[in-house]
Amino acid sequence: MFGYVKYDLAELRIKDLLLYKALYCGLCKGIGESCGSSARIGLSYDVTFLSALLHNLKGEDVKIEQQHCFQHVVKKRPIAVLDPLTEELGALNTVLVYFKLNDDANDKDRSSGRLLWFKKGYKRVKKKYPELVSIVSDYLKEQIETEKSSPSLDAAAEPSAQLMVKLSRHFLGEISSQSSDELFYSVGKWIYLIDALDDFDKDLKKKTFNPFALSFSAKDREELLKENGGELSFLFDTLFFSMREGLGGLKFHFNRDLVDNVILRGIPLETKRVFEGGPPQKMSLKI
């Protein structure tokens with residue numbers, strides 16, 4: 001989960017942008033509480049969305065207060081009050097970033113220096129939330145083993161899909177359901193595949209693993225999409241359908257407009273952006 005799960009700003013209501021911004025700042029404080037201030041630089045839009053979704057599904061109201069933060073020390077801003085769920089999500093954010101940087105370092109990316117920002121926080125999470133670390137570390141081992149077998153697109157994305165299901169069951173507990181499994185599974189699979197498609201040219205240049213390079217013969221992403229665009233569009237449309245099906249079977253305790261915006265509009269919009277080779281969408285947190 002590394003920055004692809006975004007909202008569609010053009011269709012986002014002001015009340016939902018206010019909520020998102022408060023959750024984003026609340027997650028930042030959650031990271032600081034569970035992992036230390038240095039780990040805040042890994043603050044993720046993706047985990048912010050998880051905060052919105054999980055608070056709603058669990059029926060845990062988000063309380064928003066005017067607070068100072070380490071980045072805005074003069075003027076207070078609306079921030080979600082820290083609660084146990086937000087603190088644990090902050091821990092998850094740090095674990096995901098830590099393992100991502102480890103993986104990048106193994107791919108000969110220049111990530112070893114950045115790892116130092118998260119090493120202390122990771123040790124704190126490992127002590128306080130061992131189950132979280134176990135879930136993510138098991139996923140990473142499975143992903144490495146899967147990629148060694150020259151997998152199909154579906155097989156390559158399976159560990160990421162299962163990671164999201166396991167995380168959802170961890171956080172939702174007894175209220176997890178077939179619908180939540182379907183939603184989290186399809187989102188996890190989409191994240192893996194959209195990241196791989198976005199990195200296609202980079203992976204070819206560096207000669208690192210990419211499932212699309214194994215499944216299709218193309219010298220770059222432009223040729224890949226020109227020759228196989230219809231098949232790949234169908235693949236992602238199938239995932240959008242599964243997300244909608246899972247979403248439709250869930251019980252929300254509060255207003256679901258923000259979640260619907262991300263799943264039904266933001267994710268397809270981000271997919272379109274990657275297909276067209278456009279620059280990353282800038283997420284405005286200003287009102």
# chains A, B, ... in the order shown; residues from 1 in each chain; ligands from 1
$ select_by_dssp --residues "range 55-104 of chain A" --states "alpha helix (DSSP H)" --output "ChimeraX atom specification"
/A:55-58,84-104
$ residues_around --residues "Ser134 in chain A" --least-positions-apart "5" --cutoff "12 Å" --atoms "only C-alpha atoms" --output "PyMOL selection string"
chain A and resi 92+95-96+99+125-129+139-141+163+166-167+170
$ residues_around --residues "Ser152 in chain A" --least-positions-apart "6" --cutoff "8 Å" --atoms "only C-alpha atoms" --output "compact mmCIF listing (two decimals) with N, CA and C atoms, in the first residue's frame"
# COMPACT_ATOMS: atom_id res chain seq x y z
N PRO A 211 5.36 -8.85 -12.93
CA PRO A 211 4.48 -9.90 -13.46
C PRO A 211 3.98 -9.63 -14.88
N LEU A 214 6.49 -10.87 -17.37
CA LEU A 214 6.46 -12.32 -17.52
C LEU A 214 5.30 -12.78 -18.39
N SER A 215 4.19 -12.07 -18.28
CA SER A 215 2.97 -12.49 -18.97
C SER A 215 2.86 -11.97 -20.40
$ closest_residue --among "A:Val187, A:Leu269, A:Ile135, A:Ile79" --to "Gly246 in chain A" --atoms "only C-alpha atoms"
A:Val187
$ residues_around --residues "range 15-27 of chain A" --least-positions-apart "4" --cutoff "9 Å" --atoms "only C-alpha atoms" --output "ChimeraX atom specification"
/A:9,31-32,40,43-45,47-49,51-52,62,64-65,69,77-82,86-87,89-90,93,257-258,285-287
$ write_last_selection --atoms "C-alpha atoms" --output "PDB file, in the first residue's frame"
ATOM      1  CA  LEU A   9     -11.278  15.435  -5.410  1.00  0.00           C
ATOM      2  CA  ILE A  31       2.360   7.073  14.083  1.00  0.00           C
ATOM      3  CA  GLY A  32       4.157   9.409  16.460  1.00  0.00           C
ATOM      4  CA  ARG A  40       5.834  10.144  10.502  1.00  0.00           C
ATOM      5  CA  LEU A  43       2.485   8.814   6.477  1.00  0.00           C
ATOM      6  CA  SER A  44       0.296   7.097   3.869  1.00  0.00           C
ATOM      7  CA  TYR A  45      -2.891   8.064   2.039  1.00  0.00           C
ATOM      8  CA  VAL A  47      -3.717   3.816   5.573  1.00  0.00           C
ATOM      9  CA  THR A  48      -5.694   7.039   5.989  1.00  0.00           C
ATOM     10  CA  PHE A  49      -8.391   5.431   3.856  1.00  0.00           C
ATOM     11  CA  SER A  51      -8.812   4.553   9.039  1.00  0.00           C
ATOM     12  CA  ALA A  52     -11.975   5.982   7.453  1.00  0.00           C
ATOM     13  CA  VAL A  62     -14.219   9.830  14.972  1.00  0.00           C
ATOM     14  CA  ILE A  64     -12.403  15.861  15.838  1.00  0.00           C
ATOM     15  CA  GLU A  65     -10.829  18.658  17.868  1.00  0.00           C
ATOM     16  CA  CYS A  69       0.727  19.367  15.616  1.00  0.00           C
ATOM     17  CA  ARG A  77      -6.259  22.608  12.851  1.00  0.00           C
ATOM     18  CA  PRO A  78      -9.063  19.995  13.004  1.00  0.00           C
ATOM     19  CA  ILE A  79      -7.471  16.657  13.932  1.00  0.00           C
ATOM     20  CA  ALA A  80      -9.041  13.294  14.725  1.00  0.00           C
ATOM     21  CA  VAL A  81      -8.554  12.534  18.402  1.00  0.00           C
ATOM     22  CA  LEU A  82      -6.151   9.648  18.932  1.00  0.00           C
ATOM     23  CA  THR A  86      -5.687   4.973  14.986  1.00  0.00           C
ATOM     24  CA  GLU A  87      -2.617   4.180  17.059  1.00  0.00           C
ATOM     25  CA  LEU A  89      -3.040   1.821  12.184  1.00  0.00           C
ATOM     26  CA  GLY A  90      -0.069   4.121  12.722  1.00  0.00           C
ATOM     27  CA  ASN A  93       1.768   2.230   8.420  1.00  0.00           C
ATOM     28  CA  ASP A 257     -19.708   9.073   1.190  1.00  0.00           C
ATOM     29  CA  LEU A 258     -15.934   9.266   1.713  1.00  0.00           C
ATOM     30  CA  LEU A 285      -5.664  18.652   1.882  1.00  0.00           C
ATOM     31  CA  LYS A 286      -6.659  22.300   1.728  1.00  0.00           C
ATOM     32  CA  ILE A 287     -10.214  23.535   2.148  1.00  0.00           C
TER      33      ILE A 287
END
$ closest_residue --among "A:Ser37, A:Lys219, A:Leu153, A:Ala161" --to "Ala196 in chain A" --atoms "only C-alpha atoms"
A:Leu153
$ closest_residue --among "A:Thr238, A:Leu232, A:Asp83, A:Arg169" --to "Asp61 in chain A" --atoms "only C-alpha atoms"
A:Asp83
$ residues_around --residues "range 224-227 of chain A" --least-positions-apart "5" --cutoff "9 Å" --atoms "only C-alpha atoms" --output "JSON, numbers by chain"
{"A": [212, 213, 216, 217, 218, 219, 232, 275]}
$ select_by_dssp --residues "range 14-132 of chain A" --states "strand (DSSP E or B)" --output "list in words"
Ile64, Glu65, Gln66, Gln67, Arg77, Pro78, Ile79 and Ala80 of chain A
$ write_last_selection --atoms "C-alpha atoms" --output "PDB file, in the first residue's frame"
ATOM      1  CA  ILE A  64     -12.403  15.861  15.838  1.00  0.00           C
ATOM      2  CA  GLU A  65     -10.829  18.658  17.868  1.00  0.00           C
ATOM      3  CA  GLN A  66      -8.813  21.770  17.105  1.00  0.00           C
ATOM      4  CA  GLN A  67      -5.216  20.822  17.948  1.00  0.00           C
ATOM      5  CA  ARG A  77      -6.259  22.608  12.851  1.00  0.00           C
ATOM      6  CA  PRO A  78      -9.063  19.995  13.004  1.00  0.00           C
ATOM      7  CA  ILE A  79      -7.471  16.657  13.932  1.00  0.00           C
ATOM      8  CA  ALA A  80      -9.041  13.294  14.725  1.00  0.00           C
TER       9      ALA A  80
END
$ residues_around --residues "Gly36 in chain A" --least-positions-apart "6" --cutoff "10 Å" --atoms "only C-alpha atoms" --output "JSON, numbers by chain"
{"A": [29, 30, 91, 94, 117, 118, 120, 121, 122, 124]}
$ atom_distance --atom1 "CA of Asp195 in chain A" --atom2 "CA of Ser150 in chain A"
17.7 Å
$ residues_around --residues "Lys58 in chain A" --least-positions-apart "5" --cutoff "9 Å" --atoms "only C-alpha atoms" --output "NGL selection string"
:A and (53 or 171-172 or 175 or 252-253)
$ atom_distance --atom1 "CA of Ser38 in chain A" --atom2 "CA of Lys123 in chain A"
13.1 Å
$ decode --residues "range 18-60 of chain A" --atoms "N, CA and C atoms" --output "short mmCIF file (atom, residue, chain, number, x, y, z; two decimals), in the first residue's frame"
data_model
loop_
_atom_site.label_atom_id
_atom_site.label_comp_id
_atom_site.auth_asym_id
_atom_site.auth_seq_id
_atom_site.Cartn_x
_atom_site.Cartn_y
_atom_site.Cartn_z
N LEU A 18 -12.96 17.45 4.83
CA LEU A 18 -12.64 17.82 6.22
C LEU A 18 -12.38 16.57 7.06
N LEU A 19 -13.22 15.55 6.88
CA LEU A 19 -13.04 14.30 7.62
C LEU A 19 -11.73 13.64 7.22
N TYR A 20 -11.46 13.57 5.93
CA TYR A 20 -10.24 12.94 5.45
C TYR A 20 -9.01 13.65 6.02
N LYS A 21 -9.04 14.96 5.96
CA LYS A 21 -7.90 15.73 6.46
C LYS A 21 -7.69 15.49 7.95
N ALA A 22 -8.79 15.44 8.71
CA ALA A 22 -8.69 15.20 10.15
C ALA A 22 -8.13 13.80 10.43
N LEU A 23 -8.56 12.81 9.63
CA LEU A 23 -8.07 11.44 9.78
C LEU A 23 -6.58 11.35 9.41
N TYR A 24 -6.20 12.06 8.38
CA TYR A 24 -4.81 12.09 7.93
C TYR A 24 -3.91 12.63 9.03
N CYS A 25 -4.31 13.74 9.61
CA CYS A 25 -3.53 14.34 10.71
C CYS A 25 -3.58 13.46 11.96
N GLY A 26 -4.73 12.83 12.20
CA GLY A 26 -4.84 11.93 13.34
C GLY A 26 -3.93 10.73 13.20
N LEU A 27 -3.83 10.19 11.97
CA LEU A 27 -2.94 9.07 11.72
C LEU A 27 -1.49 9.47 11.94
N CYS A 28 -1.15 10.69 11.55
CA CYS A 28 0.21 11.19 11.78
C CYS A 28 0.52 11.17 13.28
N LYS A 29 -0.43 11.61 14.09
CA LYS A 29 -0.23 11.57 15.54
C LYS A 29 -0.19 10.13 16.04
N GLY A 30 -0.97 9.26 15.40
CA GLY A 30 -0.95 7.85 15.78
C GLY A 30 0.41 7.22 15.52
N ILE A 31 1.02 7.57 14.39
CA ILE A 31 2.36 7.07 14.08
C ILE A 31 3.35 7.57 15.12
N GLY A 32 3.25 8.85 15.46
CA GLY A 32 4.16 9.41 16.46
C GLY A 32 4.02 8.72 17.81
N GLU A 33 2.78 8.38 18.17
CA GLU A 33 2.53 7.74 19.47
C GLU A 33 3.05 6.31 19.49
N SER A 34 2.84 5.57 18.42
CA SER A 34 3.21 4.15 18.43
C SER A 34 4.62 3.88 17.94
N CYS A 35 5.17 4.82 17.15
CA CYS A 35 6.46 4.52 16.50
C CYS A 35 7.52 5.61 16.64
N GLY A 36 7.13 6.79 17.13
CA GLY A 36 8.09 7.88 17.24
C GLY A 36 7.96 8.85 16.08
N SER A 37 8.45 10.08 16.29
CA SER A 37 8.24 11.15 15.31
C SER A 37 8.91 10.90 13.97
N SER A 38 10.08 10.26 13.95
CA SER A 38 10.79 10.08 12.68
C SER A 38 9.99 9.23 11.70
N ALA A 39 9.16 8.32 12.21
CA ALA A 39 8.38 7.44 11.34
C ALA A 39 7.23 8.17 10.67
N ARG A 40 6.95 9.40 11.09
CA ARG A 40 5.83 10.14 10.50
C ARG A 40 6.07 10.49 9.03
N ILE A 41 7.32 10.47 8.59
CA ILE A 41 7.59 10.81 7.19
C ILE A 41 7.04 9.74 6.24
N GLY A 42 6.64 8.59 6.78
CA GLY A 42 6.05 7.55 5.95
C GLY A 42 4.54 7.60 5.90
N LEU A 43 3.94 8.66 6.42
CA LEU A 43 2.48 8.81 6.48
C LEU A 43 1.86 8.52 5.11
N SER A 44 0.84 7.64 5.12
CA SER A 44 0.30 7.10 3.87
C SER A 44 -1.16 7.47 3.65
N TYR A 45 -1.50 7.85 2.42
CA TYR A 45 -2.89 8.06 2.04
C TYR A 45 -3.68 6.76 2.14
N ASP A 46 -3.01 5.65 1.82
CA ASP A 46 -3.68 4.37 1.81
C ASP A 46 -4.18 3.99 3.21
N VAL A 47 -3.32 4.16 4.21
CA VAL A 47 -3.72 3.82 5.57
C VAL A 47 -4.72 4.83 6.11
N THR A 48 -4.67 6.06 5.63
CA THR A 48 -5.69 7.04 5.99
C THR A 48 -7.07 6.55 5.53
N PHE A 49 -7.13 6.00 4.33
CA PHE A 49 -8.39 5.43 3.86
C PHE A 49 -8.83 4.27 4.74
N LEU A 50 -7.88 3.41 5.14
CA LEU A 50 -8.22 2.32 6.04
C LEU A 50 -8.81 2.85 7.34
N SER A 51 -8.29 3.96 7.82
CA SER A 51 -8.81 4.55 9.04
C SER A 51 -10.27 4.95 8.86
N ALA A 52 -10.59 5.59 7.73
CA ALA A 52 -11.97 5.98 7.45
C ALA A 52 -12.88 4.76 7.36
N LEU A 53 -12.43 3.75 6.66
CA LEU A 53 -13.24 2.55 6.44
C LEU A 53 -13.44 1.76 7.73
N LEU A 54 -12.36 1.51 8.46
CA LEU A 54 -12.44 0.66 9.65
C LEU A 54 -13.19 1.33 10.79
N HIS A 55 -12.99 2.63 10.99
CA HIS A 55 -13.77 3.33 12.02
C HIS A 55 -15.27 3.20 11.74
N ASN A 56 -15.62 3.32 10.48
CA ASN A 56 -17.04 3.26 10.11
C ASN A 56 -17.60 1.86 10.30
N LEU A 57 -16.89 0.85 9.82
CA LEU A 57 -17.39 -0.52 9.92
C LEU A 57 -17.47 -0.99 11.36
N LYS A 58 -16.53 -0.54 12.19
CA LYS A 58 -16.51 -0.96 13.60
C LYS A 58 -17.45 -0.11 14.46
N GLY A 59 -18.00 0.95 13.89
CA GLY A 59 -18.90 1.82 14.64
C GLY A 59 -18.18 2.67 15.67
N GLU A 60 -16.90 2.96 15.42
CA GLU A 60 -16.12 3.79 16.35
C GLU A 60 -16.08 5.22 15.82
#
